[in-house]
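Asks: Structure supplied as target_8.txt; contents: compact mmCIF, C-alpha atoms and all ligand atoms.
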# COMPACT_ATOMS: atom_id res chain seq x y z
CA MET A 1 90.53 49.82 76.76
CA ASN A 2 90.48 50.15 73.01
CA PRO A 3 87.14 48.50 72.17
CA ARG A 4 88.57 47.18 68.93
CA GLY A 5 91.70 45.62 70.47
CA SER A 6 92.29 41.92 70.95
CA VAL A 7 93.45 40.35 74.21
CA LEU A 8 95.65 37.35 74.89
CA ALA A 9 95.44 35.66 78.30
CA LEU A 10 97.84 33.08 79.75
CA SER A 11 96.16 30.77 82.20
CA GLY A 12 96.18 27.56 84.16
CA GLY A 13 93.03 25.88 85.43
CA ILE A 14 90.43 27.03 87.91
CA GLY A 15 91.70 30.45 89.15
CA GLY A 16 92.87 31.60 85.74
CA ALA A 17 89.73 30.43 83.99
CA LYS A 18 87.65 32.70 86.26
CA LEU A 19 89.41 35.81 84.98
CA ALA A 20 89.29 34.42 81.43
CA LEU A 21 85.50 34.23 81.83
CA GLY A 22 85.47 37.87 82.97
CA LEU A 23 87.60 38.87 79.99
CA GLN A 24 85.30 36.96 77.66
CA GLY A 25 82.38 39.05 78.89
CA VAL A 26 84.23 42.34 78.44
CA VAL A 27 86.27 41.83 75.26
CA GLY A 28 84.20 41.67 72.08
CA PRO A 29 83.44 38.29 70.42
CA GLY A 30 86.40 36.82 68.56
CA ARG A 31 88.89 39.13 70.29
CA LEU A 32 89.96 36.95 73.22
CA THR A 33 92.47 34.12 72.99
CA VAL A 34 93.27 32.08 76.08
CA VAL A 35 96.54 30.15 75.99
CA VAL A 36 96.48 27.37 78.53
CA ASN A 37 99.09 25.42 80.45
CA THR A 38 99.54 21.80 79.35
CA GLY A 39 102.21 20.87 81.90
CA ASP A 40 99.41 19.18 83.89
CA ASP A 41 98.52 16.92 80.96
CA PHE A 42 99.02 13.21 81.31
CA GLU A 43 98.12 9.84 79.88
CA HIS A 44 95.71 7.96 82.09
CA LEU A 45 93.75 4.76 81.35
CA GLY A 46 95.14 5.05 77.81
CA LEU A 47 93.57 8.51 77.40
CA ALA A 48 95.15 11.90 76.74
CA ILE A 49 93.95 14.15 79.58
CA SER A 50 94.41 17.96 79.41
CA PRO A 51 92.89 19.18 82.71
CA ASP A 52 93.62 22.92 82.46
CA VAL A 53 92.50 23.09 78.84
CA ASP A 54 89.25 21.31 79.69
CA THR A 55 88.63 23.43 82.79
CA THR A 56 89.03 26.52 80.61
CA LEU A 57 86.73 25.20 77.89
CA TYR A 58 84.04 24.19 80.38
CA THR A 59 84.27 27.45 82.34
CA LEU A 60 84.04 29.65 79.25
CA ALA A 61 81.16 27.58 77.87
CA GLY A 62 79.25 27.74 81.19
CA LEU A 63 79.53 23.96 81.58
CA ALA A 64 81.97 23.74 84.51
CA ASN A 65 81.24 22.03 87.77
CA ARG A 66 81.37 25.04 90.08
CA GLU A 67 81.55 23.01 93.25
CA LEU A 68 84.57 20.93 92.21
CA GLY A 69 86.16 23.63 90.03
CA TRP A 70 87.01 20.95 87.45
CA GLY A 71 84.93 18.60 85.28
CA ARG A 72 81.36 19.08 84.12
CA GLU A 73 78.26 20.29 85.89
CA THR A 74 75.38 17.79 86.27
CA GLU A 75 77.87 14.99 85.74
CA SER A 76 77.21 11.27 86.20
CA TRP A 77 79.88 8.78 87.32
CA HIS A 78 78.77 5.39 85.90
CA PHE A 79 82.09 4.81 84.12
CA MET A 80 84.02 5.43 87.34
CA GLU A 81 81.74 3.16 89.37
CA GLU A 82 82.15 0.29 86.92
CA LEU A 83 85.90 0.84 86.75
CA GLU A 84 86.13 0.63 90.52
CA ARG A 85 84.04 -2.54 90.52
CA LEU A 86 86.60 -4.06 88.14
CA GLY A 87 89.48 -3.01 90.38
CA GLY A 88 90.68 -0.32 87.93
CA GLU A 89 92.56 2.85 88.83
CA SER A 90 90.14 5.28 90.39
CA TRP A 91 92.26 7.95 92.09
CA PHE A 92 91.71 10.33 89.17
CA ARG A 93 88.00 10.70 88.61
CA LEU A 94 86.57 10.97 85.11
CA GLY A 95 82.88 11.78 84.83
CA ASP A 96 80.82 10.34 82.00
CA LYS A 97 80.42 13.58 80.04
CA ASP A 98 84.04 14.55 80.61
CA LEU A 99 85.12 11.10 79.40
CA ALA A 100 83.80 11.84 75.90
CA VAL A 101 86.26 14.74 75.59
CA HIS A 102 89.22 12.56 76.57
CA VAL A 103 88.20 9.73 74.23
CA GLU A 104 87.72 12.06 71.25
CA ARG A 105 90.95 14.00 71.94
CA THR A 106 92.89 10.74 72.22
CA ARG A 107 91.47 9.45 68.93
CA ARG A 108 92.29 12.65 67.05
CA LEU A 109 95.81 12.89 68.51
CA ALA A 110 96.44 9.28 67.50
CA ALA A 111 95.27 10.19 63.96
CA GLY A 112 98.03 12.82 63.87
CA GLU A 113 96.07 16.02 64.53
CA PRO A 114 97.88 18.65 66.65
CA LEU A 115 96.40 19.32 70.09
CA SER A 116 95.90 23.02 69.23
CA GLU A 117 93.62 22.17 66.29
CA ILE A 118 91.62 19.71 68.36
CA VAL A 119 91.16 22.18 71.23
CA ALA A 120 90.26 25.05 68.88
CA ASP A 121 87.67 22.78 67.27
CA PHE A 122 86.26 21.67 70.66
CA ALA A 123 85.94 25.36 71.60
CA ARG A 124 83.94 26.08 68.43
CA ARG A 125 81.73 23.04 68.97
CA LEU A 126 81.02 24.19 72.54
CA GLY A 127 79.82 27.45 71.02
CA LEU A 128 82.73 29.65 72.12
CA ALA A 129 83.72 32.79 70.22
CA THR A 130 86.83 32.82 72.43
CA GLN A 131 89.81 30.99 71.04
CA VAL A 132 91.28 28.47 73.48
CA LEU A 133 94.74 27.13 72.62
CA PRO A 134 97.26 24.92 74.40
CA MET A 135 100.64 26.57 75.14
CA THR A 136 102.31 24.06 72.80
CA ASP A 137 101.51 20.99 70.72
CA ASP A 138 104.65 19.36 72.06
CA ARG A 139 104.90 17.22 75.15
CA VAL A 140 105.71 19.22 78.29
CA ARG A 141 105.25 17.59 81.69
CA THR A 142 105.44 19.27 85.07
CA ILE A 143 107.46 17.10 87.43
CA VAL A 144 107.37 17.74 91.16
CA GLU A 145 110.38 16.74 93.25
CA THR A 146 109.14 16.09 96.78
CA ALA A 147 110.25 14.68 100.11
CA ALA A 148 108.25 11.58 99.06
CA GLY A 149 110.18 11.27 95.76
CA THR A 150 109.72 12.40 92.16
CA LEU A 151 106.04 12.72 91.24
CA SER A 152 104.30 13.46 87.97
CA PHE A 153 102.03 16.47 88.38
CA GLN A 154 98.64 14.72 88.77
CA ARG A 155 100.11 12.12 91.17
CA TYR A 156 101.35 15.03 93.31
CA PHE A 157 98.21 17.14 92.97
CA VAL A 158 95.39 14.61 93.10
CA GLN A 159 96.73 11.31 94.40
CA HIS A 160 98.96 12.86 97.10
CA ARG A 161 96.66 15.91 97.58
CA CYS A 162 99.70 18.27 97.40
CA GLU A 163 100.80 16.94 100.80
CA PRO A 164 104.47 15.97 100.20
CA ARG A 165 106.94 18.80 100.76
CA VAL A 166 108.07 20.22 97.41
CA THR A 167 111.82 20.59 96.88
CA ALA A 168 111.86 21.52 93.18
CA ILE A 169 109.59 21.76 90.15
CA ARG A 170 110.68 21.17 86.58
CA TYR A 171 108.96 21.22 83.21
CA ALA A 172 110.25 18.25 81.21
CA GLY A 173 110.32 18.94 77.48
CA ALA A 174 109.74 22.71 77.76
CA GLU A 175 113.17 23.68 76.40
CA GLN A 176 112.49 21.84 73.14
CA ALA A 177 108.81 22.80 72.85
CA GLN A 178 107.53 25.18 70.20
CA LEU A 179 104.57 27.48 69.87
CA PRO A 180 101.66 26.15 67.80
CA GLN A 181 100.91 27.79 64.42
CA ALA A 182 97.52 28.98 65.71
CA VAL A 183 99.26 30.74 68.61
CA LEU A 184 101.84 32.36 66.32
CA ARG A 185 98.99 33.81 64.24
CA GLU A 186 97.49 35.39 67.39
CA LEU A 187 100.83 36.82 68.51
CA ASP A 188 101.14 38.60 65.15
CA ARG A 189 97.80 40.39 65.47
CA PRO A 190 98.41 44.11 64.93
CA ASP A 191 95.41 44.98 67.13
CA LEU A 192 96.73 43.19 70.24
CA ALA A 193 95.88 45.55 73.12
CA ALA A 194 96.91 43.56 76.20
CA VAL A 195 98.43 40.31 77.39
CA VAL A 196 97.03 39.18 80.72
CA ILE A 197 98.79 36.68 82.99
CA CYS A 198 95.83 35.29 84.91
CA PRO A 199 95.94 34.73 88.70
CA SER A 200 96.97 31.10 88.29
CA ASN A 201 99.62 29.33 90.34
CA PRO A 202 102.90 30.86 89.04
CA TYR A 203 104.95 27.72 89.69
CA LEU A 204 102.50 25.08 88.46
CA SER A 205 100.55 26.91 85.77
CA ILE A 206 102.38 29.98 84.40
CA GLU A 207 106.03 28.89 84.66
CA PRO A 208 105.47 25.87 82.38
CA ILE A 209 104.36 28.36 79.70
CA LEU A 210 107.28 30.72 80.38
CA ALA A 211 109.70 27.77 80.34
CA ILE A 212 109.06 27.41 76.61
CA PRO A 213 111.76 29.65 75.08
CA GLY A 214 109.46 31.00 72.34
CA TRP A 215 106.98 32.32 74.91
CA ARG A 216 109.52 34.12 77.04
CA ALA A 217 111.16 35.73 74.00
CA TRP A 218 107.84 36.89 72.59
CA LEU A 219 106.60 38.32 75.91
CA ARG A 220 109.83 40.28 76.36
CA SER A 221 109.43 41.93 72.96
CA CYS A 222 105.64 42.28 73.00
CA ARG A 223 104.38 45.79 72.12
CA ALA A 224 101.15 45.35 74.07
CA PRO A 225 101.43 45.72 77.86
CA VAL A 226 101.77 42.43 79.72
CA ILE A 227 99.78 42.59 82.96
CA ALA A 228 100.00 39.94 85.70
CA VAL A 229 97.23 39.55 88.26
CA SER A 230 98.29 38.43 91.74
CA PRO A 231 97.14 34.92 92.72
CA LEU A 232 97.75 35.80 96.40
CA ILE A 233 95.40 37.69 98.69
CA GLY A 234 96.80 38.48 102.13
CA GLY A 235 99.41 35.73 101.91
CA GLU A 236 97.07 32.97 100.72
CA ALA A 237 95.81 31.70 97.37
CA VAL A 238 92.03 31.62 96.97
CA LYS A 239 92.34 27.93 96.07
CA GLY A 240 95.25 25.55 95.65
CA PRO A 241 98.75 25.13 97.01
CA THR A 242 100.53 28.31 95.82
CA ALA A 243 101.37 29.61 99.32
CA LYS A 244 102.33 26.14 100.62
CA ILE A 245 104.68 25.55 97.67
CA MET A 246 106.27 28.99 98.09
CA ARG A 247 106.97 28.30 101.76
CA GLU A 248 108.42 24.88 100.95
CA LEU A 249 110.68 26.35 98.27
CA GLY A 250 111.95 28.89 100.81
CA LEU A 251 110.30 31.83 99.07
CA GLU A 252 108.64 34.74 100.81
CA VAL A 253 104.87 34.27 100.39
CA SER A 254 104.22 37.67 98.87
CA PRO A 255 102.94 39.09 95.58
CA LEU A 256 106.37 40.81 95.42
CA THR A 257 108.03 37.41 94.98
CA ILE A 258 105.66 36.65 92.13
CA ALA A 259 106.20 40.01 90.42
CA ARG A 260 109.98 39.46 90.67
CA ARG A 261 109.52 36.07 89.04
CA TYR A 262 107.83 37.81 86.10
CA ALA A 263 110.48 40.57 85.94
CA GLY A 264 111.49 41.48 82.38
CA ILE A 265 108.16 40.20 81.09
CA ILE A 266 105.45 42.24 82.79
CA GLY A 267 104.67 45.91 82.27
CA GLY A 268 102.24 46.06 85.19
CA PHE A 269 101.04 44.09 88.21
CA VAL A 270 97.53 43.95 89.68
CA LEU A 271 97.61 43.64 93.46
CA ASP A 272 94.70 42.79 95.73
CA GLN A 273 93.38 45.64 97.89
CA VAL A 274 94.22 43.62 101.02
CA ASP A 275 97.90 43.92 100.01
CA ALA A 276 97.70 47.59 98.97
CA ALA A 277 100.40 48.59 101.49
CA LEU A 278 102.96 46.64 99.41
CA ALA A 279 102.33 48.77 96.30
CA PRO A 280 105.30 51.19 96.72
CA ARG A 281 107.71 48.23 96.84
CA PHE A 282 107.03 47.03 93.28
CA GLU A 283 109.34 47.87 90.39
CA ALA A 284 106.58 47.54 87.81
CA PRO A 285 103.56 49.90 87.83
CA VAL A 286 100.87 48.58 90.18
CA GLN A 287 97.08 48.68 90.09
CA VAL A 288 95.22 47.88 93.32
CA ALA A 289 91.94 46.02 92.78
CA SER A 290 89.61 43.54 94.40
CA THR A 291 90.89 40.27 92.89
CA LEU A 292 88.48 37.90 94.65
CA MET A 293 86.13 36.56 91.95
CA ARG A 294 82.96 35.02 93.38
CA THR A 295 80.33 36.23 90.92
CA LEU A 296 80.34 36.89 87.19
CA GLU A 297 80.14 40.62 88.04
CA ASP A 298 83.35 40.28 90.10
CA LYS A 299 85.09 38.59 87.19
CA GLU A 300 83.99 41.17 84.62
CA ARG A 301 84.80 44.08 86.93
CA LEU A 302 88.34 42.77 87.49
CA ALA A 303 88.71 42.13 83.74
CA ARG A 304 87.73 45.75 83.03
CA GLU A 305 90.19 47.08 85.61
CA VAL A 306 93.01 44.96 84.16
CA LEU A 307 92.30 46.17 80.62
CA ASP A 308 91.98 49.81 81.69
CA PHE A 309 95.32 49.44 83.46
CA ALA A 310 96.87 48.04 80.24
CA GLU A 311 95.52 50.99 78.28
CA PHE A 312 96.85 53.43 80.87
CA ILE A 313 100.32 51.85 80.60
CA LEU A 314 100.23 51.98 76.81
CA THR A 315 99.24 55.66 76.87
CA ALA A 316 101.96 56.46 79.42
CA ARG A 317 104.51 54.69 77.24
CA SER A 318 103.50 56.61 74.12
CA HIS A 319 103.91 59.89 76.08
CA THR A 320 107.40 59.02 77.34
CA GLN A 321 108.42 57.90 73.85
CA GLY A 322 107.44 61.34 72.60
N1 LIG B 401 91.18 17.05 90.59
C1 LIG B 401 91.05 16.33 91.73
O1 LIG B 401 91.36 16.85 92.80
N2 LIG B 401 90.60 15.03 91.69
C2 LIG B 401 90.23 14.41 90.55
O2 LIG B 401 89.84 13.24 90.56
C3 LIG B 401 90.33 15.18 89.33
C4 LIG B 401 89.92 14.67 88.11
C5 LIG B 401 89.95 15.48 86.97
C6 LIG B 401 89.46 15.01 85.76
C7 LIG B 401 89.48 15.80 84.62
C8 LIG B 401 89.99 17.11 84.72
O3 LIG B 401 90.00 17.89 83.62
C9 LIG B 401 90.47 17.60 85.91
C10 LIG B 401 90.46 16.80 87.06
N3 LIG B 401 90.93 17.27 88.27
C11 LIG B 401 90.82 16.51 89.41
C12 LIG B 401 91.49 18.61 88.38
C13 LIG B 401 92.99 18.69 88.01
O4 LIG B 401 93.76 17.73 88.63
C14 LIG B 401 93.53 20.07 88.44
O5 LIG B 401 92.54 21.04 88.41
C15 LIG B 401 94.54 20.67 87.57
O6 LIG B 401 95.39 19.83 86.90
C16 LIG B 401 95.30 21.77 88.32
O7 LIG B 401 95.07 22.95 87.65
Mind turning the file's structure into structure tokens?
Replies:
Amino acid sequence: MNPRGSVLALSGGIGGAKLALGLQGVVGPGRLTVVVNTGDDFEHLGLAISPDVDTTLYTLAGLANRELGWGRETESWHFMEELERLGGESWFRLGDKDLAVHVERTRRLAAGEPLSEIVADFARRLGLATQVLPMTDDRVRTIVETAAGTLSFQRYFVQHRCEPRVTAIRYAGAEQAQLPQAVLRELDRPDLAAVVICPSNPYLSIEPILAIPGWRAWLRSCRAPVIAVSPLIGGEAVKGPTAKIMRELGLEVSPLTIARRYAGIIGGFVLDQVDAALAPRFEAPVQVASTLMRTLEDKERLAREVLDFAEFILTARSHTQG
């Protein structure tokens, strides 16, 4: 890829943050912006919780709890233990270090600061050269309609452990939501070389972003190639309920279904090598790669392949345009 180009990544929590970490290692300092889903956000114990944003911040700063995939490494749980002793709500677990982030975010939001400024400032204070921004400063909430009734996202995901059968997913507030100023500045960058849709759950993490009209419109007209990375390997997600939700919604559990969902937005799709036989069936150009990211080397290798693919697409486009 153009070593001077900047990169914009769209991501949810754990799976997406892994590729974001790879991109951070490959793209030069100050040239990566990660825009994160906030449909998972909720108010809990009087606190403003932004799980995907925090997972991204912690992962990029090397502070994430690798075992859990969320929260902080070397965490203590005194707050949670005392809360339980008092009979408080304990289904959603907040570690002591993590708690500080929620308390400070809640205070600053209450003082009128936009979420994007708070998150950008947290990123700087955690020592990141990568810019981390929420998809919007407005309130968007992912609502899961299930056989057990209507559930807010974290009730479905954590309290009900994704068990109830999903009948529909909606993103309350997305239609009215706007892009933050800090995001608009990034979208205007003349050196933007690639937009990467990380291998996050399309229905729970990427669709809430795409449901915001400003995002969809910008992605459709974006000059830089938009590349999506498959979250499915051989019909299963590495982690999380993507395949289960697809089955429940009556969708074929295939990267083809996901690429079709992104039709009109993506210029290329990265498919896992296990699914290489599907490649001829895609409308968009396809790159076959190993998308399983266990080590930092895996993450950086995939990031390089994605960016090389974007550059290849850009070059091919400039040839066909004369
Ligand atoms: N996930 C769980 O499965 N159980 C929890 O108790 C839990 C707490 C939690 C606290 C802070 C945070 O940032 C994330 C947390 N998560 C927890 C993860 C979160 O529910 C999911 O990772 C995302 O919302 C889905 O991407």
Asks: Under the rule of at most 10 Å, produce a per-residue listing of range 18-52 of chain A near range 173-184 of chain A: chain, number, name, the closest pair of atoms, and the distance in Å, as CSV, using all atoms listed in the file.
Replies:
residue,atom,partner,partner_atom,distance
A:Thr33,CA,A:Val183,CA,8.8
A:Val34,CA,A:Val183,CA,9.7
A:Val35,CA,A:Val183,CA,7.9
A:Gly39,CA,A:Ala174,CA,8.8
Asks: Near Leu232 in chain A, counting all atoms listed in the file, which residues have an atom at most 12 Å away, once you skip same-chain residues fewer than 4 positions from it, shown as JSON, numbers by chain?
Replies: {"A": [15, 198, 199, 200, 201, 202, 228, 236, 237, 238, 239, 240, 241, 242, 243, 244, 246, 252, 253, 254, 255, 256, 257, 258, 259, 270, 271, 272, 273, 274, 275, 290, 291, 292]}
Asks: If I take CA of Ile265 in chain A and CA of Arg281 in chain A, how far is one from the other in Å, to one decimal?
Replies: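 It comes out at 17.7 Å.
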Asks: For ligand LIG 401 (chain B), collect every residue having any atom at a distance of at most 8 Å from a ligand atom (counting all atoms listed in the file); output as a tab-separated table (two decimals) with C-alpha atoms, in the coordinates of the input.
Replies:
chain	number	residue	atom	x	y	z
A	12	GLY	CA	96.18	27.56	84.16
A	13	GLY	CA	93.03	25.88	85.43
A	14	ILE	CA	90.43	27.03	87.91
A	40	ASP	CA	99.41	19.18	83.89
A	41	ASP	CA	98.52	16.92	80.96
A	49	ILE	CA	93.95	14.15	79.58
A	50	SER	CA	94.41	17.96	79.41
A	51	PRO	CA	92.89	19.18	82.71
A	52	ASP	CA	93.62	22.92	82.46
A	53	VAL	CA	92.50	23.09	78.84
A	54	ASP	CA	89.25	21.31	79.69
A	55	THR	CA	88.63	23.43	82.79
A	68	LEU	CA	84.57	20.93	92.21
A	69	GLY	CA	86.16	23.63	90.03
A	70	TRP	CA	87.01	20.95	87.45
A	71	GLY	CA	84.93	18.60	85.28
A	90	SER	CA	90.14	5.28	90.39
A	91	TRP	CA	92.26	7.95	92.09
A	92	PHE	CA	91.71	10.33	89.17
A	93	ARG	CA	88.00	10.70	88.61
A	94	LEU	CA	86.57	10.97	85.11
A	95	GLY	CA	82.88	11.78	84.83
A	98	ASP	CA	84.04	14.55	80.61
A	153	PHE	CA	102.03	16.47	88.38
A	154	GLN	CA	98.64	14.72	88.77
A	157	PHE	CA	98.21	17.14	92.97
A	158	VAL	CA	95.39	14.61	93.10
A	159	GLN	CA	96.73	11.31	94.40
A	161	ARG	CA	96.66	15.91	97.58
A	204	LEU	CA	102.50	25.08	88.46
A	205	SER	CA	100.55	26.91	85.77
Asks: Pick from A:Asn37, A:Leu86, A:Arg124, A:Asp96: nearest to Ala211 in chain A, with only C-alpha atoms counted?
Replies: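 Result for the nearest residue to Ala211 in chain A: A:Asn37.
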Asks: When you count only C-alpha atoms, which of these residues is closest to Tyr171 in chain A: A:Ala289, A:Val140, A:Leu99, A:Met135?
Replies: A:Val140
Asks: Could you check how far CA of Leu302 in chain A sits from CA of Ala9 in chain A, in Å to one decimal?
Replies: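 Straight-line distance from CA of Leu302 in chain A to CA of Ala9 in chain A works out to 13.6 Å.
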Asks: Using all atoms listed in the file, find the one residue out of A:Leu63, A:Ala263, A:Val26, A:Val101 that sits nearest to Asp121 in chain A.
Replies: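 Of A:Leu63, A:Ala263, A:Val26, A:Val101, the one nearest Asp121 in chain A is A:Val101, counting all atoms listed in the file.
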